[in-house]
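Listing of target-v3.cif, mmCIF, C-alpha atoms
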```cif
data_query
#
loop_
_atom_site.group_PDB
_atom_site.id
_atom_site.type_symbol
_atom_site.label_atom_id
_atom_site.label_comp_id
_atom_site.auth_asym_id
_atom_site.auth_seq_id
_atom_site.Cartn_x
_atom_site.Cartn_y
_atom_site.Cartn_z
ATOM 1 C CA MET A 267 57.500 55.873 149.333
ATOM 2 C CA ASN A 268 58.934 59.119 150.691
ATOM 3 C CA ARG A 269 60.479 61.543 148.263
ATOM 4 C CA PRO A 270 64.125 62.410 148.990
ATOM 5 C CA GLY A 271 64.751 65.720 150.698
ATOM 6 C CA PRO A 272 66.308 68.756 148.996
ATOM 7 C CA ALA A 273 69.753 68.049 150.481
ATOM 8 C CA THR A 274 69.755 64.538 149.021
ATOM 9 C CA VAL A 275 68.584 65.793 145.639
ATOM 10 C CA ILE A 276 71.239 68.534 145.617
ATOM 11 C CA GLY A 277 73.900 65.918 146.421
ATOM 12 C CA ARG A 278 72.651 63.795 143.542
ATOM 13 C CA GLY A 279 72.705 66.874 141.320
ATOM 14 C CA ILE A 280 76.349 67.542 142.153
ATOM 15 C CA ALA A 281 77.216 63.897 141.456
ATOM 16 C CA ALA A 282 75.274 64.070 138.181
ATOM 17 C CA GLU A 283 77.128 67.236 137.183
ATOM 18 C CA TRP A 284 80.448 65.547 137.915
ATOM 19 C CA THR A 285 79.424 62.585 135.758
ATOM 20 C CA ARG A 286 78.166 64.842 132.977
ATOM 21 C CA THR A 287 81.372 66.872 132.796
ATOM 22 C CA THR A 288 83.863 64.040 133.280
ATOM 23 C CA GLY A 289 86.045 63.424 130.253
ATOM 24 C CA ARG A 290 86.198 65.585 127.151
ATOM 25 C CA SER A 291 83.618 68.147 128.222
ATOM 26 C CA PHE A 292 83.532 71.890 127.621
ATOM 27 C CA LEU A 293 84.358 72.445 131.292
ATOM 28 C CA TRP A 294 87.635 70.514 131.368
ATOM 29 C CA ILE A 295 88.726 70.969 127.753
ATOM 30 C CA VAL A 296 87.986 74.695 127.402
ATOM 31 C CA ALA A 297 86.825 76.505 130.542
ATOM 32 C CA VAL A 298 89.279 75.283 133.192
ATOM 33 C CA PRO A 299 92.375 75.502 130.941
ATOM 34 C CA LEU A 300 91.401 79.067 129.952
ATOM 35 C CA THR A 301 90.864 79.888 133.620
ATOM 36 C CA PHE A 302 94.525 79.101 134.244
ATOM 37 C CA VAL A 303 96.186 80.013 130.960
ATOM 38 C CA LEU A 304 94.669 83.458 130.340
ATOM 39 C CA PRO A 305 95.566 85.153 133.642
ATOM 40 C CA LEU A 306 98.980 83.494 133.837
ATOM 41 C CA VAL A 307 99.963 84.461 130.282
ATOM 42 C CA VAL A 308 98.787 88.045 130.662
ATOM 43 C CA THR A 309 100.306 88.465 134.135
ATOM 44 C CA PHE A 310 103.721 87.065 133.270
ATOM 45 C CA ALA A 311 103.868 88.741 129.861
ATOM 46 C CA ILE A 312 103.280 92.150 131.450
ATOM 47 C CA ALA A 313 105.749 91.323 134.229
ATOM 48 C CA ALA A 314 108.436 90.248 131.743
ATOM 49 C CA VAL A 315 108.085 93.432 129.697
ATOM 50 C CA ALA A 316 108.117 95.626 132.811
ATOM 51 C CA GLU A 317 111.174 93.832 134.206
ATOM 52 C CA ARG A 318 112.978 94.168 130.885
ATOM 53 C CA LEU A 319 112.299 97.899 130.766
ATOM 54 C CA ALA A 320 113.399 98.282 134.382
ATOM 55 C CA VAL A 321 116.908 96.940 133.702
ATOM 56 C CA LEU A 322 117.545 99.017 130.596
ATOM 57 C CA PRO A 323 120.451 101.471 130.908
ATOM 58 C CA GLY A 324 119.420 104.982 131.861
ATOM 59 C CA GLN A 325 116.435 104.026 133.981
ATOM 60 C CA SER A 326 116.581 106.369 136.965
ATOM 61 C CA TYR A 327 113.209 105.431 138.461
ATOM 62 C CA VAL A 328 111.416 102.114 138.569
ATOM 63 C CA ALA A 329 107.798 101.909 139.692
ATOM 64 C CA THR A 330 107.452 98.743 141.743
ATOM 65 C CA VAL A 331 104.264 96.739 142.163
ATOM 66 C CA SER A 332 102.841 95.910 145.579
ATOM 67 C CA THR A 333 100.858 92.843 146.586
ATOM 68 C CA THR A 334 97.575 94.747 146.214
ATOM 69 C CA ASN A 335 98.163 95.120 142.478
ATOM 70 C CA SER A 336 99.751 91.766 141.670
ATOM 71 C CA VAL A 337 96.771 89.505 140.960
ATOM 72 C CA TYR A 338 94.450 91.772 138.977
ATOM 73 C CA TRP A 339 94.293 89.471 135.966
ATOM 74 C CA VAL A 340 93.528 86.454 138.120
ATOM 75 C CA ILE A 341 90.575 88.290 139.661
ATOM 76 C CA THR A 342 89.358 89.653 136.341
ATOM 77 C CA LEU A 343 89.912 86.850 133.839
ATOM 78 C CA SER A 344 89.639 83.602 135.783
ATOM 79 C CA VAL A 345 86.381 84.565 137.493
ATOM 80 C CA SER A 346 84.849 85.824 134.245
ATOM 81 C CA VAL A 347 85.753 82.655 132.344
ATOM 82 C CA MET A 348 84.185 80.340 134.909
ATOM 83 C CA MET A 349 81.131 82.536 135.412
ATOM 84 C CA VAL A 350 80.514 82.433 131.670
ATOM 85 C CA ALA A 351 81.105 78.669 131.637
ATOM 86 C CA THR A 352 78.522 78.253 134.408
ATOM 87 C CA ALA A 353 75.954 80.328 132.511
ATOM 88 C CA TYR A 354 76.672 78.313 129.348
ATOM 89 C CA ALA A 355 76.253 74.994 131.168
ATOM 90 C CA HIS A 356 73.004 76.021 132.817
ATOM 91 C CA ALA A 357 71.483 77.569 129.701
ATOM 92 C CA THR A 358 72.355 74.437 127.721
ATOM 93 C CA GLN A 359 70.218 72.241 129.976
ATOM 94 C CA TRP A 360 67.038 73.805 128.581
ATOM 95 C CA ARG A 361 67.764 72.592 125.055
ATOM 96 C CA GLY A 362 66.698 69.346 123.368
ATOM 97 C CA GLN A 363 66.491 66.032 125.204
ATOM 98 C CA THR A 364 68.594 67.334 128.099
ATOM 99 C CA SER A 365 65.632 69.411 129.273
ATOM 100 C CA ASP A 366 63.323 66.378 129.358
ATOM 101 C CA LEU A 367 65.918 64.276 131.190
ATOM 102 C CA ASN A 368 66.500 66.949 133.827
ATOM 103 C CA ALA A 369 62.757 67.341 134.371
ATOM 104 C CA PHE A 370 62.428 63.571 134.883
ATOM 105 C CA LEU A 371 65.440 63.112 137.184
ATOM 106 C CA PHE A 372 65.028 66.336 139.166
ATOM 107 C CA PRO A 373 61.389 67.441 139.541
ATOM 108 C CA ARG A 374 62.567 70.286 141.779
ATOM 109 C CA SER A 375 64.524 72.100 139.085
ATOM 110 C CA TRP A 376 65.882 74.676 141.529
ATOM 111 C CA THR A 377 67.930 71.893 143.148
ATOM 112 C CA VAL A 378 69.680 71.313 139.811
ATOM 113 C CA ALA A 379 70.500 75.016 139.633
ATOM 114 C CA LEU A 380 71.865 75.042 143.186
ATOM 115 C CA ALA A 381 73.869 71.875 142.584
ATOM 116 C CA ARG A 382 75.398 73.418 139.474
ATOM 117 C CA TRP A 383 76.248 76.601 141.406
ATOM 118 C CA ILE A 384 77.978 74.569 144.122
ATOM 119 C CA TYR A 385 79.834 72.378 141.618
ATOM 120 C CA TYR A 386 81.092 75.134 139.347
ATOM 121 C CA GLY A 387 81.606 77.502 142.255
ATOM 122 C CA ALA A 388 83.836 75.014 144.071
ATOM 123 C CA ILE A 389 85.941 74.420 140.957
ATOM 124 C CA THR A 390 86.283 78.171 140.422
ATOM 125 C CA ALA A 391 87.188 78.885 144.040
ATOM 126 C CA ILE A 392 89.846 76.154 144.107
ATOM 127 C CA SER A 393 91.251 77.314 140.765
ATOM 128 C CA THR A 394 91.582 80.901 141.949
ATOM 129 C CA VAL A 395 93.379 79.838 145.140
ATOM 130 C CA ILE A 396 95.912 77.866 143.084
ATOM 131 C CA LEU A 397 96.393 80.803 140.719
ATOM 132 C CA LEU A 398 96.802 83.274 143.569
ATOM 133 C CA VAL A 399 99.482 81.147 145.220
ATOM 134 C CA VAL A 400 101.350 80.593 141.952
ATOM 135 C CA VAL A 401 101.289 84.281 140.994
ATOM 136 C CA MET A 402 102.157 85.786 144.378
ATOM 137 C CA VAL A 403 104.918 83.256 145.070
ATOM 138 C CA THR A 404 106.454 83.282 141.596
ATOM 139 C CA LEU A 405 106.395 86.981 140.649
ATOM 140 C CA PRO A 406 108.885 88.267 143.269
ATOM 141 C CA HIS A 407 111.364 85.501 142.425
ATOM 142 C CA LEU A 408 111.222 85.815 138.647
ATOM 143 C CA PHE A 409 110.841 89.583 138.437
ATOM 144 C CA PRO A 410 112.447 91.069 141.574
ATOM 145 C CA GLN A 411 113.009 94.560 140.143
ATOM 146 C CA ILE A 412 109.290 95.254 139.704
ATOM 147 C CA TYR A 413 107.535 92.640 141.842
ATOM 148 C CA GLY A 414 110.036 92.223 144.663
ATOM 149 C CA ASN A 415 107.573 93.702 147.180
ATOM 150 C CA VAL A 416 104.850 91.135 146.450
ATOM 151 C CA ASP A 417 104.387 88.932 149.492
ATOM 152 C CA ILE A 418 101.708 86.281 149.875
ATOM 153 C CA THR A 419 102.069 86.412 153.667
ATOM 154 C CA ASP A 420 101.329 90.119 154.124
ATOM 155 C CA SER A 421 97.852 91.392 154.953
ATOM 156 C CA ALA A 422 96.908 91.987 151.309
ATOM 157 C CA GLY A 423 98.062 88.514 150.235
ATOM 158 C CA ILE A 424 96.184 86.779 153.017
ATOM 159 C CA ARG A 425 93.066 88.796 152.219
ATOM 160 C CA PHE A 426 93.249 87.748 148.560
ATOM 161 C CA LEU A 427 93.332 84.081 149.590
ATOM 162 C CA TRP A 428 89.817 84.233 151.047
ATOM 163 C CA THR A 429 88.115 87.144 149.298
ATOM 164 C CA VAL A 430 88.886 86.129 145.712
ATOM 165 C CA PRO A 431 87.566 82.539 146.099
ATOM 166 C CA SER A 432 84.468 83.933 147.839
ATOM 167 C CA TYR A 433 83.888 86.353 144.979
ATOM 168 C CA ALA A 434 84.521 83.594 142.442
ATOM 169 C CA PHE A 435 82.040 81.229 144.080
ATOM 170 C CA ALA A 436 79.335 83.896 144.241
ATOM 171 C CA ALA A 437 79.968 84.919 140.615
ATOM 172 C CA CYS A 438 79.074 81.394 139.507
ATOM 173 C CA GLY A 439 75.708 81.951 141.173
ATOM 174 C CA VAL A 440 75.218 84.966 138.937
ATOM 175 C CA GLY A 441 76.085 82.728 135.979
ATOM 176 C CA VAL A 442 73.418 80.221 136.988
ATOM 177 C CA ALA A 443 70.892 83.032 137.429
ATOM 178 C CA VAL A 444 71.550 84.429 133.957
ATOM 179 C CA GLY A 445 71.446 80.911 132.478
ATOM 180 C CA SER A 446 68.061 80.378 134.160
ATOM 181 C CA LEU A 447 66.668 83.642 132.823
ATOM 182 C CA ILE A 448 68.181 83.550 129.323
ATOM 183 C CA ARG A 449 67.982 80.004 128.035
ATOM 184 C CA THR A 450 70.074 80.541 124.921
ATOM 185 C CA PRO A 451 73.756 79.885 125.790
ATOM 186 C CA SER A 452 75.256 82.473 123.423
ATOM 187 C CA ALA A 453 72.813 85.146 124.569
ATOM 188 C CA ALA A 454 73.480 84.357 128.246
ATOM 189 C CA ILE A 455 77.232 84.717 127.685
ATOM 190 C CA ALA A 456 76.757 87.985 125.781
ATOM 191 C CA VAL A 457 74.587 89.460 128.531
ATOM 192 C CA LEU A 458 77.116 88.574 131.236
ATOM 193 C CA LEU A 459 80.100 90.011 129.376
ATOM 194 C CA PHE A 460 78.155 93.134 128.412
ATOM 195 C CA TRP A 461 77.125 93.646 132.023
ATOM 196 C CA VAL A 462 80.623 93.203 133.476
ATOM 197 C CA TYR A 463 82.766 94.909 130.853
ATOM 198 C CA VAL A 464 80.450 97.540 129.362
ATOM 199 C CA VAL A 465 77.538 98.464 131.615
ATOM 200 C CA GLU A 466 79.377 98.711 134.923
ATOM 201 C CA ILE A 467 82.353 100.509 133.392
ATOM 202 C CA SER A 468 80.429 103.033 131.303
ATOM 203 C CA ILE A 469 77.418 103.677 133.519
ATOM 204 C CA ASN A 470 79.171 106.709 135.013
ATOM 205 C CA LEU A 471 78.671 108.486 131.666
ATOM 206 C CA LEU A 472 74.937 108.692 132.366
ATOM 207 C CA PRO A 473 73.318 111.469 134.433
ATOM 208 C CA HIS A 474 73.932 110.598 138.081
ATOM 209 C CA GLY A 475 76.090 107.782 136.730
ATOM 210 C CA HIS A 476 78.602 107.934 139.580
ATOM 211 C CA THR A 477 75.790 107.352 142.064
ATOM 212 C CA LEU A 478 74.561 104.348 140.077
ATOM 213 C CA GLN A 479 78.085 102.985 139.612
ATOM 214 C CA ALA A 480 78.603 102.971 143.365
ATOM 215 C CA TYR A 481 76.153 100.049 143.497
ATOM 216 C CA ALA A 482 77.697 98.107 140.587
ATOM 217 C CA PRO A 483 78.000 94.541 141.964
ATOM 218 C CA PHE A 484 81.146 93.425 140.145
ATOM 219 C CA LEU A 485 83.080 96.644 140.693
ATOM 220 C CA ASN A 486 82.246 96.454 144.386
ATOM 221 C CA ALA A 487 83.317 92.813 144.519
ATOM 222 C CA VAL A 488 86.671 93.416 142.807
ATOM 223 C CA ALA A 489 87.415 96.376 145.093
ATOM 224 C CA ALA A 490 86.331 94.312 148.097
ATOM 225 C CA THR A 491 88.978 91.660 147.399
ATOM 226 C CA GLY A 492 91.692 94.174 148.241
ATOM 227 C CA GLN A 493 92.739 94.759 144.637
ATOM 228 C CA GLU A 494 94.053 98.272 144.050
ATOM 229 C CA VAL A 495 91.473 99.916 141.769
ATOM 230 C CA ALA A 496 90.204 103.453 141.141
ATOM 231 C CA PHE A 497 86.871 102.620 142.753
ATOM 232 C CA LEU A 498 85.830 102.954 146.368
ATOM 233 C CA PRO A 499 83.669 100.036 147.549
ATOM 234 C CA ARG A 500 80.261 101.451 148.456
ATOM 235 C CA PHE A 501 79.880 99.503 151.691
ATOM 236 C CA GLY A 502 83.504 99.126 152.750
ATOM 237 C CA ARG A 503 85.569 96.126 151.725
ATOM 238 C CA ASN A 504 83.880 93.392 153.745
ATOM 239 C CA GLY A 505 80.475 94.994 153.325
ATOM 240 C CA SER A 506 80.842 95.225 149.563
ATOM 241 C CA LEU A 507 81.838 91.571 149.300
ATOM 242 C CA LEU A 508 78.758 90.665 151.326
ATOM 243 C CA TYR A 509 76.722 92.960 149.064
ATOM 244 C CA PHE A 510 77.880 91.037 145.978
ATOM 245 C CA ILE A 511 77.071 87.701 147.603
ATOM 246 C CA LEU A 512 73.577 88.949 148.509
ATOM 247 C CA VAL A 513 73.069 90.164 144.927
ATOM 248 C CA ALA A 514 74.082 86.723 143.631
ATOM 249 C CA VAL A 515 71.693 84.981 146.051
ATOM 250 C CA ALA A 516 68.858 87.383 145.186
ATOM 251 C CA LEU A 517 69.322 86.854 141.447
ATOM 252 C CA PHE A 518 69.416 83.105 141.952
ATOM 253 C CA VAL A 519 66.212 83.106 143.985
ATOM 254 C CA ILE A 520 64.401 85.416 141.538
ATOM 255 C CA THR A 521 65.369 83.488 138.411
ATOM 256 C CA ALA A 522 65.713 79.872 139.571
ATOM 257 C CA VAL A 523 63.427 79.481 142.590
ATOM 258 C CA LEU A 524 60.520 81.942 142.439
ATOM 259 C CA PRO A 525 59.283 80.925 138.940
ATOM 260 C CA ILE A 526 59.050 77.306 140.091
ATOM 261 C CA LEU A 527 57.187 78.229 143.276
ATOM 262 C CA THR A 528 54.856 80.470 141.296
ATOM 263 C CA ARG A 529 54.020 77.704 138.818
ATOM 264 C CA ARG A 530 53.512 75.225 141.638
ATOM 265 C CA MET A 531 51.153 77.561 143.501
ATOM 266 C CA SER A 532 49.235 78.268 140.297
ATOM 267 C CA GLY A 533 48.909 74.547 139.625
ATOM 268 C CA ARG A 534 47.584 73.898 143.114
ATOM 269 C CA ARG A 535 45.126 76.765 142.768
ATOM 270 C CA ARG A 536 43.826 75.395 139.473
ATOM 271 C CA THR A 537 43.509 71.924 141.019
ATOM 272 C CA LYS A 538 41.483 73.269 143.926
ATOM 273 C CA LEU A 539 39.268 75.239 141.591
ATOM 274 C CA SER A 540 38.631 72.204 139.421
ATOM 275 C CA GLU A 541 37.898 70.053 142.468
ATOM 276 C CA SER A 542 35.477 72.634 143.852
ATOM 277 C CA GLY A 543 33.793 72.855 140.434
ATOM 278 C CA THR A 544 33.203 69.118 140.245
ATOM 279 C CA ALA A 545 32.013 68.844 143.850
#
```
Could you quickly redo this structure as structure tokens?
Amino acid sequence: MNRPGPATVIGRGIAAEWTRTTGRSFLWIVAVPLTFVLPLVVTFAIAAVAERLAVLPGQSYVATVSTTNSVYWVITLSVSVMMVATAYAHATQWRGQTSDLNAFLFPRSWTVALARWIYYGAITAISTVILLVVVMVTLPHLFPQIYGNVDITDSAGIRFLWTVPSYAFAACGVGVAVGSLIRTPSAAIAVLLFWVYVVEISINLLPHGHTLQAYAPFLNAVAATGQEVAFLPRFGRNGSLLYFILVAVALFVITAVLPILTRRMSGRRRTKLSESGTA
């Protein structure tokens, strides 16, 4: 009987992930709601305060917000939440009976990792598109004094609609990679958050830190989306987005694929040695 190919196994892995997370799971009860609630609450709270201040008597100058600076919290918070959720889900599979079940159902464990990346990445990408549309359409209507210049149909808005989902999908690959390397869920989450919010931000304090920071994957990715930030993407906007995707793929291969291939090659080598010894 022929073994199913990788594509078939990956499809089964995606279906299994859907089945596993259907219902009252961490993904749909915690992660996805936070993905929507956090950026929307922060964005509209800041917008409401800014709009209130703008209409106070005596205000002679009002600093308006352009499209390029309208979805910062969507890019920052929604992607981080789902990346952490992906790392948590993947790290959890190594614990208890779940590990034995995965090993039995999916002998090629890298296919499980890829299936999880595709599943969580698709959910994250779709979520960010919905958030982007809601934010960029709603802000200029609710808060015209400050956000009246925000336009989803201008070049910046259109760029957000494809760069942010691309960044979000790739970030889930980083989550899978960290979950493969660090098989304790809490530790995997801590490493990801420390990397994104501490290491990349503060690395410029080190000697030659600005040179190192120029290659920071997440800073490059955020700048590549078109978001207005005080950071110049090292490889240009499109190049820096591609750079982040390549980093995500490289981390995935190193942590989820290479260890399996190495163990398989070692096993075959030991088998050949034992066969030659008994010959």
Original post:
Using all atoms listed in the file, which residues sit within 7 Å of Tyr413 in chain A once same-chain residues fewer than 3 positions away are excluded, as a list in words?
Top reply: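 Counting all atoms listed in the file, the residues come to Thr330, Val331, Ser332, Leu405, Pro406, Phe409, Pro410 and Val416 of chain A.
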Range 295-355 of chain A near range 431-449 of chain A within 9 Å: what's each residue's closest atom pair and its distance in Å to one decimal, counting all atoms listed in the file, ordered by chain then ascending residue number, as JSON lines?
```
{"residue": "A:Ile341", "atom": "CA", "partner": "A:Ala434", "partner_atom": "CA", "distance": 8.2}
{"residue": "A:Ser344", "atom": "CA", "partner": "A:Ala434", "partner_atom": "CA", "distance": 8.4}
{"residue": "A:Val345", "atom": "CA", "partner": "A:Ala434", "partner_atom": "CA", "distance": 5.4}
{"residue": "A:Ser346", "atom": "CA", "partner": "A:Ala437", "partner_atom": "CA", "distance": 8.1}
{"residue": "A:Met348", "atom": "CA", "partner": "A:Cys438", "partner_atom": "CA", "distance": 7.0}
{"residue": "A:Met349", "atom": "CA", "partner": "A:Cys438", "partner_atom": "CA", "distance": 4.7}
{"residue": "A:Val350", "atom": "CA", "partner": "A:Gly441", "partner_atom": "CA", "distance": 6.2}
{"residue": "A:Ala351", "atom": "CA", "partner": "A:Gly441", "partner_atom": "CA", "distance": 7.8}
{"residue": "A:Thr352", "atom": "CA", "partner": "A:Gly441", "partner_atom": "CA", "distance": 5.3}
{"residue": "A:Ala353", "atom": "CA", "partner": "A:Gly441", "partner_atom": "CA", "distance": 4.2}
{"residue": "A:Tyr354", "atom": "CA", "partner": "A:Gly445", "partner_atom": "CA", "distance": 6.6}
{"residue": "A:Ala355", "atom": "CA", "partner": "A:Gly445", "partner_atom": "CA", "distance": 7.7}
```
Original post:
Hey, what comes out of the PyMOL selection byres ((chain A and resi 422) around 7) on this file? Could you write it as number ranges by chain?
Top reply: A: 333-334, 420-421, 423-426, 492
**OP:** Using all atoms listed in the file, determine which residues lie at most 7 Å from range 291-308 of chain A, disregarding the query and same-chain residues fewer than 2 positions distant; provide the list as a PyMOL selection string.
**Re:** chain A and resi 287-289+310-312+339-340+343-344+347-348+351+397
**OP:** Name the residues captured by the PyMOL selection byres ((chain A and resi 504) around 12) when it is applied to the shown file; answer as a VMD selection string.
**Re:** chain A and resid 425 428 to 430 432 to 433 486 to 492 499 to 503 505 to 511
**OP:** Determine the nearest neighbour of Ala453 in chain A from the options A:Ala381, A:Val400, A:Ala357, A:Val395, counting all atoms listed in the file.
**Re:**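 Looking only at the distances to Ala453 in chain A, the closest residue turns out to be A:Ala357.
Pairwise distance (CA of Val464 in chain A, CA of Ala314 in chain A) equals 29.0 Å.
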